[in-house]
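Asks: Just one file: upload.csv, with CSV, N, CA and C atoms.
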chain,number,residue,atom,x,y,z
C,259,MET,N,151.8,-104.9,-11.8
C,259,MET,CA,152.1,-105.2,-13.2
C,259,MET,C,150.8,-105.3,-14.0
C,260,ALA,N,150.9,-104.7,-15.1
C,260,ALA,CA,149.7,-104.7,-16.0
C,260,ALA,C,149.7,-106.0,-16.8
C,261,THR,N,148.5,-106.5,-17.2
C,261,THR,CA,148.4,-107.7,-18.1
C,261,THR,C,147.9,-107.2,-19.4
C,262,TYR,N,148.8,-107.5,-20.4
C,262,TYR,CA,148.5,-107.2,-21.8
C,262,TYR,C,148.1,-108.4,-22.6
C,263,THR,N,147.1,-108.3,-23.4
C,263,THR,CA,146.7,-109.4,-24.3
C,263,THR,C,147.2,-109.0,-25.7
C,264,PHE,N,147.6,-110.0,-26.4
C,264,PHE,CA,148.2,-109.7,-27.8
C,264,PHE,C,147.7,-110.8,-28.8
C,265,SER,N,147.8,-110.4,-30.0
C,265,SER,CA,147.5,-111.2,-31.1
C,265,SER,C,148.6,-110.9,-32.2
C,266,LEU,N,149.3,-111.9,-32.6
C,266,LEU,CA,150.4,-111.8,-33.6
C,266,LEU,C,150.0,-112.5,-34.9
C,267,SER,N,149.9,-111.8,-36.0
C,267,SER,CA,149.6,-112.3,-37.3
C,267,SER,C,150.8,-112.3,-38.2
C,268,THR,N,151.1,-113.5,-38.7
C,268,THR,CA,152.3,-113.6,-39.6
C,268,THR,C,151.9,-113.4,-41.0
C,269,SER,N,152.9,-113.3,-41.8
C,269,SER,CA,152.7,-113.2,-43.3
C,269,SER,C,152.0,-114.4,-43.9
C,270,GLU,N,152.1,-115.6,-43.2
C,270,GLU,CA,151.5,-116.8,-43.7
C,270,GLU,C,150.0,-116.9,-43.2
C,271,GLU,N,149.5,-115.8,-42.7
C,271,GLU,CA,148.1,-115.8,-42.2
C,271,GLU,C,147.9,-116.6,-40.9
C,272,ALA,N,149.0,-117.1,-40.3
C,272,ALA,CA,148.9,-117.7,-39.0
C,272,ALA,C,148.6,-116.7,-37.9
C,273,ARG,N,148.0,-117.1,-36.9
C,273,ARG,CA,147.7,-116.1,-35.8
C,273,ARG,C,148.0,-116.8,-34.5
C,274,GLN,N,148.7,-116.1,-33.6
C,274,GLN,CA,149.1,-116.5,-32.3
C,274,GLN,C,148.6,-115.5,-31.3
C,275,ALA,N,148.1,-115.9,-30.2
C,275,ALA,CA,147.5,-115.0,-29.2
C,275,ALA,C,148.1,-115.4,-27.8
C,276,GLY,N,148.1,-114.5,-26.9
C,276,GLY,CA,148.5,-114.8,-25.6
C,276,GLY,C,148.4,-113.6,-24.6
C,277,VAL,N,149.0,-113.7,-23.5
C,277,VAL,CA,149.0,-112.7,-22.4
C,277,VAL,C,150.4,-112.5,-22.0
C,278,ILE,N,150.8,-111.2,-21.7
C,278,ILE,CA,152.1,-110.8,-21.2
C,278,ILE,C,151.8,-110.0,-20.0
C,279,GLN,N,152.5,-110.3,-18.9
C,279,GLN,CA,152.5,-109.4,-17.7
C,279,GLN,C,153.8,-108.6,-17.7
C,280,SER,N,153.6,-107.3,-17.6
C,280,SER,CA,154.8,-106.4,-17.7
C,280,SER,C,154.5,-105.1,-16.9
C,281,PRO,N,155.5,-104.5,-16.4
C,281,PRO,CA,155.3,-103.2,-15.6
C,281,PRO,C,154.9,-102.0,-16.6
C,282,ASP,N,155.3,-102.1,-17.9
C,282,ASP,CA,154.9,-101.0,-18.8
C,282,ASP,C,154.8,-101.5,-20.2
C,283,PHE,N,154.2,-100.7,-21.1
C,283,PHE,CA,153.9,-101.1,-22.4
C,283,PHE,C,155.2,-101.4,-23.2
C,284,ASP,N,156.2,-100.6,-23.1
C,284,ASP,CA,157.5,-100.8,-23.9
C,284,ASP,C,158.1,-102.2,-23.5
C,285,GLU,N,158.0,-102.5,-22.3
C,285,GLU,CA,158.5,-103.8,-21.9
C,285,GLU,C,157.7,-105.0,-22.4
C,286,ALA,N,156.4,-104.8,-22.5
C,286,ALA,CA,155.5,-105.8,-23.1
C,286,ALA,C,155.8,-106.0,-24.6
C,287,LEU,N,156.1,-104.9,-25.3
C,287,LEU,CA,156.5,-105.1,-26.7
C,287,LEU,C,157.8,-105.8,-26.8
C,288,ARG,N,158.7,-105.6,-26.0
C,288,ARG,CA,160.0,-106.3,-26.0
C,288,ARG,C,159.8,-107.7,-25.7
C,289,LEU,N,159.0,-108.1,-24.7
C,289,LEU,CA,158.8,-109.4,-24.3
C,289,LEU,C,158.1,-110.2,-25.4
C,290,VAL,N,157.1,-109.6,-26.1
C,290,VAL,CA,156.5,-110.3,-27.3
C,290,VAL,C,157.6,-110.7,-28.3
C,291,GLY,N,158.5,-109.8,-28.6
C,291,GLY,CA,159.5,-110.1,-29.6
C,291,GLY,C,160.5,-111.2,-29.1
C,292,GLU,N,160.7,-111.2,-27.8
C,292,GLU,CA,161.6,-112.3,-27.3
C,292,GLU,C,161.0,-113.6,-27.2
C,293,ARG,N,159.7,-113.7,-26.9
C,293,ARG,CA,159.0,-115.0,-26.7
C,293,ARG,C,158.4,-115.6,-27.9
C,294,MET,N,158.1,-114.8,-28.9
C,294,MET,CA,157.4,-115.2,-30.1
C,294,MET,C,158.4,-115.2,-31.3
C,295,SER,N,158.1,-116.0,-32.3
C,295,SER,CA,158.9,-115.9,-33.5
C,295,SER,C,158.3,-114.8,-34.4
C,296,VAL,N,159.0,-113.7,-34.5
C,296,VAL,CA,158.5,-112.6,-35.3
C,296,VAL,C,159.4,-112.3,-36.5
C,297,SER,N,158.8,-112.0,-37.6
C,297,SER,CA,159.5,-111.7,-38.8
C,297,SER,C,159.0,-110.3,-39.4
C,298,GLN,N,159.8,-109.8,-40.2
C,298,GLN,CA,159.4,-108.5,-40.9
C,298,GLN,C,158.1,-108.6,-41.6
C,299,GLY,N,157.2,-107.7,-41.4
C,299,GLY,CA,155.9,-107.7,-42.0
C,299,GLY,C,154.8,-108.3,-41.1
C,300,ASP,N,155.2,-108.9,-40.0
C,300,ASP,CA,154.2,-109.5,-39.1
C,300,ASP,C,153.4,-108.3,-38.4
C,301,THR,N,152.2,-108.5,-38.0
C,301,THR,CA,151.4,-107.5,-37.3
C,301,THR,C,151.1,-107.9,-35.9
C,302,LEU,N,151.0,-107.0,-35.0
C,302,LEU,CA,150.7,-107.2,-33.6
C,302,LEU,C,149.6,-106.3,-33.2
C,303,GLU,N,148.7,-106.9,-32.5
C,303,GLU,CA,147.6,-106.1,-31.8
C,303,GLU,C,147.9,-106.4,-30.3
C,304,ILE,N,148.0,-105.3,-29.5
C,304,ILE,CA,148.3,-105.5,-28.1
C,304,ILE,C,147.6,-104.4,-27.3
C,305,GLY,N,147.1,-104.8,-26.1
C,305,GLY,CA,146.4,-103.8,-25.3
C,305,GLY,C,146.0,-104.3,-24.0
C,306,VAL,N,145.4,-103.5,-23.2
C,306,VAL,CA,144.8,-103.9,-21.9
C,306,VAL,C,143.3,-104.0,-22.0
C,307,ARG,N,142.7,-104.8,-21.1
C,307,ARG,CA,141.3,-105.0,-21.1
C,307,ARG,C,140.6,-103.6,-20.9
C,308,GLY,N,139.5,-103.4,-21.7
C,308,GLY,CA,138.7,-102.2,-21.6
C,308,GLY,C,139.1,-101.1,-22.6
C,309,PHE,N,140.2,-101.3,-23.3
C,309,PHE,CA,140.6,-100.3,-24.3
C,309,PHE,C,140.9,-101.0,-25.6
C,310,PRO,N,140.7,-100.3,-26.8
C,310,PRO,CA,141.0,-100.9,-28.1
C,310,PRO,C,142.5,-101.2,-28.2
C,311,PRO,N,142.9,-102.3,-28.8
C,311,PRO,CA,144.3,-102.6,-28.9
C,311,PRO,C,145.1,-101.7,-29.9
C,312,ALA,N,146.4,-101.5,-29.6
C,312,ALA,CA,147.3,-100.8,-30.5
C,312,ALA,C,147.7,-101.8,-31.5
C,313,ARG,N,147.9,-101.3,-32.8
C,313,ARG,CA,148.4,-102.1,-33.9
C,313,ARG,C,149.7,-101.7,-34.3
C,314,TYR,N,150.6,-102.7,-34.4
C,314,TYR,CA,152.0,-102.5,-34.8
C,314,TYR,C,152.4,-103.4,-35.9
C,315,GLU,N,153.4,-103.0,-36.7
C,315,GLU,CA,154.0,-103.9,-37.8
C,315,GLU,C,155.5,-104.0,-37.5
C,316,CYS,N,156.0,-105.2,-37.6
C,316,CYS,CA,157.4,-105.5,-37.5
C,316,CYS,C,158.1,-104.9,-38.7
C,317,VAL,N,159.0,-104.0,-38.5
C,317,VAL,CA,159.8,-103.4,-39.6
C,317,VAL,C,161.2,-104.1,-39.7
C,318,GLU,N,161.6,-104.7,-38.6
C,318,GLU,CA,162.9,-105.4,-38.6
C,318,GLU,C,163.0,-106.4,-37.4
C,319,ALA,N,163.5,-107.6,-37.6
C,319,ALA,CA,163.7,-108.5,-36.5
C,319,ALA,C,165.1,-109.0,-36.6
C,320,LEU,N,165.9,-108.8,-35.5
C,320,LEU,CA,167.3,-109.3,-35.5
C,320,LEU,C,167.4,-110.7,-35.0
C,321,LEU,N,168.5,-111.3,-35.3
C,321,LEU,CA,168.7,-112.7,-34.8
C,321,LEU,C,168.8,-112.8,-33.3
C,322,ASP,N,169.1,-111.8,-32.6
C,322,ASP,CA,169.2,-111.9,-31.1
C,322,ASP,C,167.8,-111.7,-30.5
C,323,GLY,N,166.7,-111.6,-31.3
C,323,GLY,CA,165.4,-111.5,-30.7
C,323,GLY,C,164.9,-110.1,-30.6
C,324,THR,N,165.7,-109.1,-31.0
C,324,THR,CA,165.3,-107.7,-30.9
C,324,THR,C,164.3,-107.4,-32.1
C,325,VAL,N,163.2,-106.9,-31.8
C,325,VAL,CA,162.2,-106.6,-32.8
C,325,VAL,C,161.9,-105.1,-32.8
C,326,PHE,N,161.9,-104.5,-34.0
C,326,PHE,CA,161.6,-103.1,-34.2
C,326,PHE,C,160.1,-103.0,-34.7
C,327,TRP,N,159.3,-102.4,-33.9
C,327,TRP,CA,157.8,-102.2,-34.2
C,327,TRP,C,157.6,-100.8,-34.6
C,328,GLU,N,156.7,-100.7,-35.6
C,328,GLU,CA,156.2,-99.4,-36.0
C,328,GLU,C,154.7,-99.4,-36.0
C,329,PRO,N,154.0,-98.3,-35.5
C,329,PRO,CA,152.6,-98.3,-35.5
C,329,PRO,C,152.0,-98.5,-36.9
C,330,SER,N,151.0,-99.4,-37.0
C,330,SER,CA,150.4,-99.7,-38.3
C,330,SER,C,149.6,-98.5,-38.8
C,331,ARG,N,149.6,-98.4,-40.1
C,331,ARG,CA,148.9,-97.3,-40.7
C,331,ARG,C,147.4,-97.7,-40.7
C,332,LEU,N,146.5,-96.7,-40.5
C,332,LEU,CA,145.1,-97.0,-40.5
C,332,LEU,C,144.6,-97.2,-42.0
C,333,VAL,N,143.8,-98.1,-42.2
C,333,VAL,CA,143.2,-98.4,-43.5
C,333,VAL,C,141.9,-97.6,-43.6
C,334,ALA,N,141.7,-96.8,-44.6
C,334,ALA,CA,140.5,-96.0,-44.8
C,334,ALA,C,139.3,-96.9,-45.2
Would you mind writing the structure in this file as structure tokens?
Replies:
Amino acid sequence: MATYTFSLSTSEEARQAGVIQSPDFDEALRLVGERMSVSQGDTLEIGVRGFPPARYECVEALLDGTVFWEPSRLVA
């Protein structure tokens, strides 16, 4: 299992960080959505040690804990 580190920034500028162990990246994204309180507009940086993190934005969060992530747009 891979170990993913993540940082979740909310619209109120709060920041939460942690570690998720998962067999693959898609599962790690799903687990962050289940274990953390995520709302539309929140941003997530997630990755494995030694590589730059991927950046995602929550485009929709359902009441059952399902979160829809979209890759963040790069800022010039």
Asks: Quick check, in Å to one decimal: how far apart do atom N of C:Gly308 and atom CA of C:Thr268 lie?
Replies: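 Going from atom N of C:Gly308 over to atom CA of C:Thr268 covers 24.3 Å.
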Asks: If you count only N, CA and C atoms, which residues fall within 8 Å of C:Gly299, apart from same-chain ones fewer than 6 positions away, as a list in words?
Replies: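 Result of the neighbour search: Ser267, Thr268, Ser269, Tyr314, Glu315, Cys316, Val317, Glu318 and Ala319 of chain C.
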Asks: Which distance in Å separates atom C of C:Phe283 and atom CA of C:Gly323, to one decimal?
Replies: 16.2 Å
Asks: Considering only N, CA and C atoms, state which residue in the set C:Ala272, C:Leu266, C:Leu287, C:Ile278 is at the smallest distance from C:Thr301.
Replies: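 Under the stated criterion, the closest residue is C:Leu266.
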Asks: One decimal, Å: what's the distance from atom C of C:Val325 over to atom C of C:Pro311, could you say?
Replies: 17.4 Å
Asks: Which residue is closest to C:Ser280? Choose from C:Leu321, C:Met259, C:Ala312, C:Ile304 and count all atoms listed in the file.
Replies: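 Closest to C:Ser280, using all atoms listed in the file: C:Met259.
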Asks: Using only N, CA and C atoms for the distances, tell me which of C:Arg313, C:Arg307, C:Arg331, C:Arg293 is nearest to C:Thr263.
Replies: C:Arg307
Asks: How would you write, as JSON, numbers by chain, the set of residues in chain C that DSSP gives as strand (DSSP E)?
Replies: {"C": [260, 261, 262, 263, 264, 265, 266, 267, 273, 274, 275, 276, 277, 278, 279, 280, 301, 302, 303, 304, 305, 312, 313, 314, 315, 316, 317, 318, 319, 325, 326, 327, 328, 329]}
Asks: Check chain C with DSSP on the backbone and list each residue it calls alpha helix (DSSP H), as an mmCIF file with N, CA and C atoms, keeping the file's coordinate frame.
Replies:
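Result file follows (selection.cif):
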data_model
loop_
_atom_site.group_PDB
_atom_site.id
_atom_site.type_symbol
_atom_site.label_atom_id
_atom_site.label_comp_id
_atom_site.auth_asym_id
_atom_site.auth_seq_id
_atom_site.Cartn_x
_atom_site.Cartn_y
_atom_site.Cartn_z
ATOM 1 N N PHE C 283 154.200 -100.700 -21.100
ATOM 2 C CA PHE C 283 153.900 -101.100 -22.400
ATOM 3 C C PHE C 283 155.200 -101.400 -23.200
ATOM 4 N N ASP C 284 156.200 -100.600 -23.100
ATOM 5 C CA ASP C 284 157.500 -100.800 -23.900
ATOM 6 C C ASP C 284 158.100 -102.200 -23.500
ATOM 7 N N GLU C 285 158.000 -102.500 -22.300
ATOM 8 C CA GLU C 285 158.500 -103.800 -21.900
ATOM 9 C C GLU C 285 157.700 -105.000 -22.400
ATOM 10 N N ALA C 286 156.400 -104.800 -22.500
ATOM 11 C CA ALA C 286 155.500 -105.800 -23.100
ATOM 12 C C ALA C 286 155.800 -106.000 -24.600
ATOM 13 N N LEU C 287 156.100 -104.900 -25.300
ATOM 14 C CA LEU C 287 156.500 -105.100 -26.700
ATOM 15 C C LEU C 287 157.800 -105.800 -26.800
ATOM 16 N N ARG C 288 158.700 -105.600 -26.000
ATOM 17 C CA ARG C 288 160.000 -106.300 -26.000
ATOM 18 C C ARG C 288 159.800 -107.700 -25.700
ATOM 19 N N LEU C 289 159.000 -108.100 -24.700
ATOM 20 C CA LEU C 289 158.800 -109.400 -24.300
ATOM 21 C C LEU C 289 158.100 -110.200 -25.400
ATOM 22 N N VAL C 290 157.100 -109.600 -26.100
ATOM 23 C CA VAL C 290 156.500 -110.300 -27.300
ATOM 24 C C VAL C 290 157.600 -110.700 -28.300
ATOM 25 N N GLY C 291 158.500 -109.800 -28.600
ATOM 26 C CA GLY C 291 159.500 -110.100 -29.600
ATOM 27 C C GLY C 291 160.500 -111.200 -29.100
ATOM 28 N N GLU C 292 160.700 -111.200 -27.800
ATOM 29 C CA GLU C 292 161.600 -112.300 -27.300
ATOM 30 C C GLU C 292 161.000 -113.600 -27.200
ATOM 31 N N ARG C 293 159.700 -113.700 -26.900
ATOM 32 C CA ARG C 293 159.000 -115.000 -26.700
ATOM 33 C C ARG C 293 158.400 -115.600 -27.900
#
Asks: In terms of the shortest atom-to-atom distance over all atoms listed in the file, which of C:Ser330, C:Leu320, C:Pro310, C:Ser265 is closest to C:Gln298?
Replies: C:Leu320
Asks: Env of C:Gly291: 8 Å cut, atoms = only N, CA and C atoms, seq-sep filter 4 positions within chain, self excluded. Answer as a short mmCIF file (atom, residue, chain, number, x, y, z; two decimals) with N, CA and C atoms, keeping the file's coordinate frame.
Replies:
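This is the output file result27.cif:
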data_model
loop_
_atom_site.label_atom_id
_atom_site.label_comp_id
_atom_site.auth_asym_id
_atom_site.auth_seq_id
_atom_site.Cartn_x
_atom_site.Cartn_y
_atom_site.Cartn_z
N GLU C 285 158.00 -102.50 -22.30
CA GLU C 285 158.50 -103.80 -21.90
C GLU C 285 157.70 -105.00 -22.40
N ALA C 286 156.40 -104.80 -22.50
CA ALA C 286 155.50 -105.80 -23.10
C ALA C 286 155.80 -106.00 -24.60
N LEU C 287 156.10 -104.90 -25.30
CA LEU C 287 156.50 -105.10 -26.70
C LEU C 287 157.80 -105.80 -26.80
N SER C 295 158.10 -116.00 -32.30
CA SER C 295 158.90 -115.90 -33.50
C SER C 295 158.30 -114.80 -34.40
N VAL C 296 159.00 -113.70 -34.50
CA VAL C 296 158.50 -112.60 -35.30
C VAL C 296 159.40 -112.30 -36.50
N ASP C 322 169.10 -111.80 -32.60
CA ASP C 322 169.20 -111.90 -31.10
C ASP C 322 167.80 -111.70 -30.50
N GLY C 323 166.70 -111.60 -31.30
CA GLY C 323 165.40 -111.50 -30.70
C GLY C 323 164.90 -110.10 -30.60
N THR C 324 165.70 -109.10 -31.00
CA THR C 324 165.30 -107.70 -30.90
C THR C 324 164.30 -107.40 -32.10
N VAL C 325 163.20 -106.90 -31.80
CA VAL C 325 162.20 -106.60 -32.80
C VAL C 325 161.90 -105.10 -32.80
N PHE C 326 161.90 -104.50 -34.00
CA PHE C 326 161.60 -103.10 -34.20
C PHE C 326 160.10 -103.00 -34.70
#
Asks: Can you take the partial stretch 281-292 of chain C, add all heavy atoms, and return it as a JSON list (two decimals), in the coordinates of the input?
Replies:
[["chain", "number", "residue", "atom", "x", "y", "z"],
["C", 281, "PRO", "N", 155.50, -104.50, -16.40],
["C", 281, "PRO", "CA", 155.30, -103.20, -15.60],
["C", 281, "PRO", "C", 154.90, -102.00, -16.60],
["C", 281, "PRO", "O", 154.31, -101.08, -16.12],
["C", 281, "PRO", "CB", 156.62, -102.96, -14.94],
["C", 281, "PRO", "CG", 157.63, -103.75, -15.69],
["C", 281, "PRO", "CD", 156.90, -104.91, -16.29],
["C", 282, "ASP", "N", 155.30, -102.10, -17.90],
["C", 282, "ASP", "CA", 154.90, -101.00, -18.80],
["C", 282, "ASP", "C", 154.80, -101.50, -20.20],
["C", 282, "ASP", "O", 155.16, -102.66, -20.52],
["C", 282, "ASP", "CB", 155.93, -99.87, -18.69],
["C", 282, "ASP", "CG", 157.34, -100.29, -19.05],
["C", 282, "ASP", "OD1", 157.54, -100.85, -20.13],
["C", 282, "ASP", "OD2", 158.25, -100.04, -18.23],
["C", 283, "PHE", "N", 154.20, -100.70, -21.10],
["C", 283, "PHE", "CA", 153.90, -101.10, -22.40],
["C", 283, "PHE", "C", 155.20, -101.40, -23.20],
["C", 283, "PHE", "O", 155.21, -102.36, -24.00],
["C", 283, "PHE", "CB", 153.14, -99.93, -23.10],
["C", 283, "PHE", "CG", 152.62, -100.27, -24.46],
["C", 283, "PHE", "CD1", 151.53, -101.09, -24.61],
["C", 283, "PHE", "CD2", 153.24, -99.76, -25.59],
["C", 283, "PHE", "CE1", 151.04, -101.42, -25.87],
["C", 283, "PHE", "CE2", 152.76, -100.07, -26.85],
["C", 283, "PHE", "CZ", 151.66, -100.91, -26.99],
["C", 284, "ASP", "N", 156.20, -100.60, -23.10],
["C", 284, "ASP", "CA", 157.50, -100.80, -23.90],
["C", 284, "ASP", "C", 158.10, -102.20, -23.50],
["C", 284, "ASP", "O", 158.54, -102.89, -24.42],
["C", 284, "ASP", "CB", 158.50, -99.70, -23.59],
["C", 284, "ASP", "CG", 158.11, -98.38, -24.22],
["C", 284, "ASP", "OD1", 157.35, -98.39, -25.21],
["C", 284, "ASP", "OD2", 158.56, -97.34, -23.71],
["C", 285, "GLU", "N", 158.00, -102.50, -22.30],
["C", 285, "GLU", "CA", 158.50, -103.80, -21.90],
["C", 285, "GLU", "C", 157.70, -105.00, -22.40],
["C", 285, "GLU", "O", 158.18, -106.00, -22.85],
["C", 285, "GLU", "CB", 158.57, -103.93, -20.33],
["C", 285, "GLU", "CG", 159.06, -105.24, -19.79],
["C", 285, "GLU", "CD", 160.56, -105.46, -19.95],
["C", 285, "GLU", "OE1", 161.28, -104.53, -20.37],
["C", 285, "GLU", "OE2", 161.01, -106.58, -19.68],
["C", 286, "ALA", "N", 156.40, -104.80, -22.50],
["C", 286, "ALA", "CA", 155.50, -105.80, -23.10],
["C", 286, "ALA", "C", 155.80, -106.00, -24.60],
["C", 286, "ALA", "O", 155.86, -107.13, -25.02],
["C", 286, "ALA", "CB", 154.02, -105.33, -22.93],
["C", 287, "LEU", "N", 156.10, -104.90, -25.30],
["C", 287, "LEU", "CA", 156.50, -105.10, -26.70],
["C", 287, "LEU", "C", 157.80, -105.80, -26.80],
["C", 287, "LEU", "O", 157.91, -106.72, -27.70],
["C", 287, "LEU", "CB", 156.63, -103.69, -27.37],
["C", 287, "LEU", "CG", 155.36, -102.93, -27.73],
["C", 287, "LEU", "CD1", 155.72, -101.56, -28.30],
["C", 287, "LEU", "CD2", 154.50, -103.71, -28.70],
["C", 288, "ARG", "N", 158.70, -105.60, -26.00],
["C", 288, "ARG", "CA", 160.00, -106.30, -26.00],
["C", 288, "ARG", "C", 159.80, -107.70, -25.70],
["C", 288, "ARG", "O", 160.39, -108.60, -26.38],
["C", 288, "ARG", "CB", 160.97, -105.63, -24.99],
["C", 288, "ARG", "CG", 162.40, -106.18, -25.09],
["C", 288, "ARG", "CD", 163.29, -105.62, -24.00],
["C", 288, "ARG", "NE", 162.90, -106.05, -22.67],
["C", 288, "ARG", "CZ", 163.13, -107.28, -22.17],
["C", 288, "ARG", "NH1", 163.71, -108.19, -22.90],
["C", 288, "ARG", "NH2", 162.75, -107.58, -20.95],
["C", 289, "LEU", "N", 159.00, -108.10, -24.70],
["C", 289, "LEU", "CA", 158.80, -109.40, -24.30],
["C", 289, "LEU", "C", 158.10, -110.20, -25.40],
["C", 289, "LEU", "O", 158.41, -111.42, -25.65],
["C", 289, "LEU", "CB", 157.94, -109.52, -23.04],
["C", 289, "LEU", "CG", 158.67, -109.08, -21.78],
["C", 289, "LEU", "CD1", 157.71, -109.01, -20.60],
["C", 289, "LEU", "CD2", 159.84, -110.02, -21.47],
["C", 290, "VAL", "N", 157.10, -109.60, -26.10],
["C", 290, "VAL", "CA", 156.50, -110.30, -27.30],
["C", 290, "VAL", "C", 157.60, -110.70, -28.30],
["C", 290, "VAL", "O", 157.61, -111.84, -28.80],
["C", 290, "VAL", "CB", 155.39, -109.49, -27.92],
["C", 290, "VAL", "CG1", 154.94, -110.12, -29.24],
["C", 290, "VAL", "CG2", 154.21, -109.35, -26.98],
["C", 291, "GLY", "N", 158.50, -109.80, -28.60],
["C", 291, "GLY", "CA", 159.50, -110.10, -29.60],
["C", 291, "GLY", "C", 160.50, -111.20, -29.10],
["C", 291, "GLY", "O", 160.99, -111.93, -29.92],
["C", 292, "GLU", "N", 160.70, -111.20, -27.80],
["C", 292, "GLU", "CA", 161.60, -112.30, -27.30],
["C", 292, "GLU", "C", 161.00, -113.60, -27.20],
["C", 292, "GLU", "O", 161.62, -114.65, -27.48],
["C", 292, "GLU", "CB", 162.08, -111.91, -25.87],
["C", 292, "GLU", "CG", 163.12, -110.84, -25.80],
["C", 292, "GLU", "CD", 163.57, -110.56, -24.38],
["C", 292, "GLU", "OE1", 163.05, -111.20, -23.43],
["C", 292, "GLU", "OE2", 164.44, -109.70, -24.22]]
